[in-house]
Amino acid sequence: MERVIVTRPDGSLLNLAGKANLARIVRGEQRKKLLGENTVELVVRSARPLEFEIGDKITVFSEDYYLNLLPTSKKISSREYEYELTFESVQYELAKVVFLDEDGSGLSTSTNFVLR
């Protein structure tokens, strides 16, 4: 797998396969379907605890993926941590949008709702 670097919302970088964190990517999988899901799932093991936050970004095959849910983590041994991360493409940002009616009251229940 190519080198995966996490870009934080504040601009700092975290190399997931770096020697500084003694981390390695155990498994990586991109799921991409036409008009469907577009995610990258990673399993990372590290000798040190790593901190991930909503908005972390990776670039895979020239496409940006964002961490929208906190990863699941577990301590495997006294010296090893495992993280399961799911990064989602930009299309998942549309789920955060709410369309308001002309009066600002929310989604229209009528059939003549116009998006401007």
# chains A, B, ... in the order shown; residues from 1 in each chain; ligands from 1
>>> select_by_dssp(residues="range 4-91 of chain A", states="strand (DSSP E or B)", output="PyMOL selection string")
chain A and resi 5-7+13-15+23-32+38-46+57-60+63-67+72-77+80-89
>>> select_by_dssp(residues="range 1-114 of chain A", states="helix (DSSP H, G or I)", output="list in words")
Val90, Gln91, Tyr92, Glu93, Leu94, Ala95 and Lys96 of chain A
>>> residues_around(residues="Phe52 in chain A", least_positions_apart="4", cutoff="9 Å", atoms="only C-alpha atoms", output="VMD selection string")
chain A and resid 8 56 67 70 to 71
>>> closest_residue(among="A:Glu53, A:Arg31, A:Lys74, A:Arg45", to="Ala17 in chain A", atoms="only C-alpha atoms")
A:Arg45
>>> residues_around(residues="range 77-89 of chain A", least_positions_apart="6", cutoff="9 Å", atoms="only C-alpha atoms", output="ChimeraX atom specification")
/A:37-50,56-58,63-71
>>> write_last_selection(atoms="C-alpha atoms", output="compact mmCIF listing (two decimals), in the first residue's frame")
# COMPACT_ATOMS: atom_id res chain seq x y z
CA GLU A 37 -20.24 3.86 -1.37
CA ASN A 38 -16.77 5.37 -1.63
CA THR A 39 -14.72 4.63 1.48
CA VAL A 40 -11.23 3.62 2.57
CA GLU A 41 -10.98 1.29 5.56
CA LEU A 42 -7.67 0.97 7.40
CA VAL A 43 -6.50 -1.16 10.30
CA VAL A 44 -3.48 0.43 11.98
CA ARG A 45 -1.35 -1.02 14.74
CA SER A 46 0.91 1.19 16.82
CA ALA A 47 3.24 0.87 19.78
CA ARG A 48 1.98 4.24 21.05
CA PRO A 49 -1.57 5.52 21.44
CA LEU A 50 -2.62 7.62 18.46
CA ASP A 56 -8.79 14.07 9.54
CA LYS A 57 -8.05 13.64 5.84
CA ILE A 58 -6.08 11.18 3.71
CA GLU A 63 -8.94 11.50 -4.07
CA ASP A 64 -9.54 12.97 -0.60
CA TYR A 65 -11.21 10.93 2.13
CA TYR A 66 -12.33 12.29 5.51
CA LEU A 67 -12.78 10.73 8.93
CA ASN A 68 -16.43 11.42 9.84
CA LEU A 69 -16.70 8.89 12.69
CA LEU A 70 -14.21 8.25 15.46
CA PRO A 71 -12.30 4.98 15.01
>>> closest_residue(among="A:Gln30, A:Thr7, A:Asn15, A:Gln91", to="Gly55 in chain A", atoms="only C-alpha atoms")
A:Thr7
>>> atom_distance(atom1="CA of Lys33 in chain A", atom2="CA of Val6 in chain A")
23.5 Å
>>> closest_residue(among="A:Ile54, A:Leu16, A:Ala23, A:Val97", to="Arg3 in chain A", atoms="only C-alpha atoms")
A:Leu16
>>> decode(residues="range 37-53 of chain A", atoms="all heavy atoms", output="short mmCIF file (atom, residue, chain, number, x, y, z; two decimals), in the first residue's frame")
data_model
loop_
_atom_site.label_atom_id
_atom_site.label_comp_id
_atom_site.auth_asym_id
_atom_site.auth_seq_id
_atom_site.Cartn_x
_atom_site.Cartn_y
_atom_site.Cartn_z
N GLU A 37 -21.22 3.57 -2.40
CA GLU A 37 -20.24 3.86 -1.37
C GLU A 37 -18.87 4.18 -1.96
O GLU A 37 -18.52 3.73 -3.05
CB GLU A 37 -20.12 2.70 -0.38
CG GLU A 37 -19.44 1.48 -0.93
CD GLU A 37 -19.29 0.38 0.11
OE1 GLU A 37 -18.97 0.69 1.27
OE2 GLU A 37 -19.49 -0.78 -0.25
N ASN A 38 -18.12 4.99 -1.24
CA ASN A 38 -16.77 5.37 -1.63
C ASN A 38 -15.99 5.61 -0.34
O ASN A 38 -15.96 6.72 0.17
CB ASN A 38 -16.79 6.60 -2.52
CG ASN A 38 -15.44 6.91 -3.13
OD1 ASN A 38 -14.47 6.18 -2.90
ND2 ASN A 38 -15.36 7.97 -3.90
N THR A 39 -15.40 4.55 0.20
CA THR A 39 -14.72 4.63 1.48
C THR A 39 -13.36 3.96 1.41
O THR A 39 -13.09 3.16 0.51
CB THR A 39 -15.53 3.94 2.59
OG1 THR A 39 -15.70 2.55 2.27
CG2 THR A 39 -16.90 4.57 2.79
N VAL A 40 -12.51 4.29 2.37
CA VAL A 40 -11.23 3.62 2.57
C VAL A 40 -11.21 3.16 4.02
O VAL A 40 -11.38 3.96 4.94
CB VAL A 40 -10.03 4.55 2.29
CG1 VAL A 40 -8.73 3.88 2.67
CG2 VAL A 40 -10.01 4.97 0.84
N GLU A 41 -11.04 1.85 4.22
CA GLU A 41 -10.98 1.29 5.56
C GLU A 41 -9.54 0.87 5.85
O GLU A 41 -8.91 0.19 5.04
CB GLU A 41 -11.92 0.09 5.69
CG GLU A 41 -13.38 0.48 5.55
CD GLU A 41 -14.32 -0.71 5.67
OE1 GLU A 41 -13.84 -1.84 5.90
OE2 GLU A 41 -15.52 -0.49 5.54
N LEU A 42 -9.04 1.29 7.00
CA LEU A 42 -7.67 0.97 7.40
C LEU A 42 -7.67 0.34 8.78
O LEU A 42 -8.46 0.73 9.64
CB LEU A 42 -6.81 2.24 7.45
CG LEU A 42 -6.62 3.04 6.18
CD1 LEU A 42 -5.85 4.31 6.47
CD2 LEU A 42 -5.90 2.21 5.14
N VAL A 43 -6.79 -0.61 8.98
CA VAL A 43 -6.50 -1.16 10.30
C VAL A 43 -5.04 -0.82 10.58
O VAL A 43 -4.15 -1.22 9.82
CB VAL A 43 -6.74 -2.68 10.37
CG1 VAL A 43 -6.34 -3.22 11.73
CG2 VAL A 43 -8.19 -3.00 10.07
N VAL A 44 -4.82 -0.05 11.63
CA VAL A 44 -3.48 0.43 11.98
C VAL A 44 -3.10 -0.10 13.34
O VAL A 44 -3.90 -0.06 14.28
CB VAL A 44 -3.45 1.98 11.99
CG1 VAL A 44 -2.09 2.50 12.40
CG2 VAL A 44 -3.86 2.53 10.64
N ARG A 45 -1.88 -0.60 13.45
CA ARG A 45 -1.35 -1.02 14.74
C ARG A 45 -0.18 -0.12 15.11
O ARG A 45 0.64 0.22 14.24
CB ARG A 45 -0.90 -2.47 14.71
CG ARG A 45 -2.08 -3.41 14.64
CD ARG A 45 -1.71 -4.81 14.94
NE ARG A 45 -2.90 -5.65 14.88
CZ ARG A 45 -2.86 -6.96 14.78
NH1 ARG A 45 -1.70 -7.59 14.74
NH2 ARG A 45 -3.97 -7.64 14.73
N SER A 46 -0.11 0.26 16.37
CA SER A 46 0.91 1.19 16.82
C SER A 46 1.41 0.82 18.20
O SER A 46 0.66 0.29 19.03
CB SER A 46 0.32 2.61 16.85
OG SER A 46 1.23 3.51 17.41
N ALA A 47 2.67 1.11 18.45
CA ALA A 47 3.24 0.87 19.78
C ALA A 47 2.87 1.99 20.75
O ALA A 47 3.01 1.84 21.96
CB ALA A 47 4.76 0.76 19.69
N ARG A 48 2.41 3.11 20.23
CA ARG A 48 1.98 4.24 21.05
C ARG A 48 0.52 4.55 20.75
O ARG A 48 0.05 4.32 19.64
CB ARG A 48 2.81 5.48 20.71
CG ARG A 48 4.27 5.32 21.00
CD ARG A 48 4.99 6.61 20.69
NE ARG A 48 6.41 6.42 20.90
CZ ARG A 48 7.33 7.17 20.37
NH1 ARG A 48 6.99 8.17 19.60
NH2 ARG A 48 8.60 6.94 20.61
N PRO A 49 -0.18 5.11 21.73
CA PRO A 49 -1.57 5.52 21.44
C PRO A 49 -1.58 6.66 20.42
O PRO A 49 -0.77 7.58 20.51
CB PRO A 49 -2.12 5.98 22.79
CG PRO A 49 -1.05 5.78 23.79
CD PRO A 49 0.18 5.31 23.12
N LEU A 50 -2.46 6.58 19.46
CA LEU A 50 -2.62 7.62 18.46
C LEU A 50 -3.94 8.32 18.67
O LEU A 50 -4.92 7.71 19.09
CB LEU A 50 -2.58 7.01 17.04
CG LEU A 50 -1.31 6.26 16.65
CD1 LEU A 50 -1.50 5.61 15.28
CD2 LEU A 50 -0.13 7.20 16.63
N GLU A 51 -3.98 9.60 18.35
CA GLU A 51 -5.21 10.36 18.48
C GLU A 51 -5.73 10.72 17.10
O GLU A 51 -5.00 11.27 16.29
CB GLU A 51 -4.98 11.63 19.30
CG GLU A 51 -4.71 11.35 20.76
CD GLU A 51 -4.66 12.62 21.59
OE1 GLU A 51 -5.32 13.60 21.19
OE2 GLU A 51 -3.98 12.61 22.61
N PHE A 52 -6.98 10.36 16.86
CA PHE A 52 -7.64 10.71 15.61
C PHE A 52 -8.82 11.59 15.95
O PHE A 52 -9.40 11.49 17.03
CB PHE A 52 -8.13 9.45 14.88
CG PHE A 52 -7.01 8.55 14.45
CD1 PHE A 52 -6.65 7.45 15.21
CD2 PHE A 52 -6.33 8.81 13.28
CE1 PHE A 52 -5.61 6.62 14.81
CE2 PHE A 52 -5.29 7.99 12.87
CZ PHE A 52 -4.93 6.89 13.64
N GLU A 53 -9.18 12.48 15.02
CA GLU A 53 -10.31 13.36 15.27
C GLU A 53 -11.14 13.51 13.99
O GLU A 53 -10.65 13.26 12.89
CB GLU A 53 -9.84 14.73 15.77
CG GLU A 53 -8.86 15.43 14.87
CD GLU A 53 -8.30 16.69 15.48
OE1 GLU A 53 -7.51 16.60 16.43
OE2 GLU A 53 -8.67 17.78 15.00
#
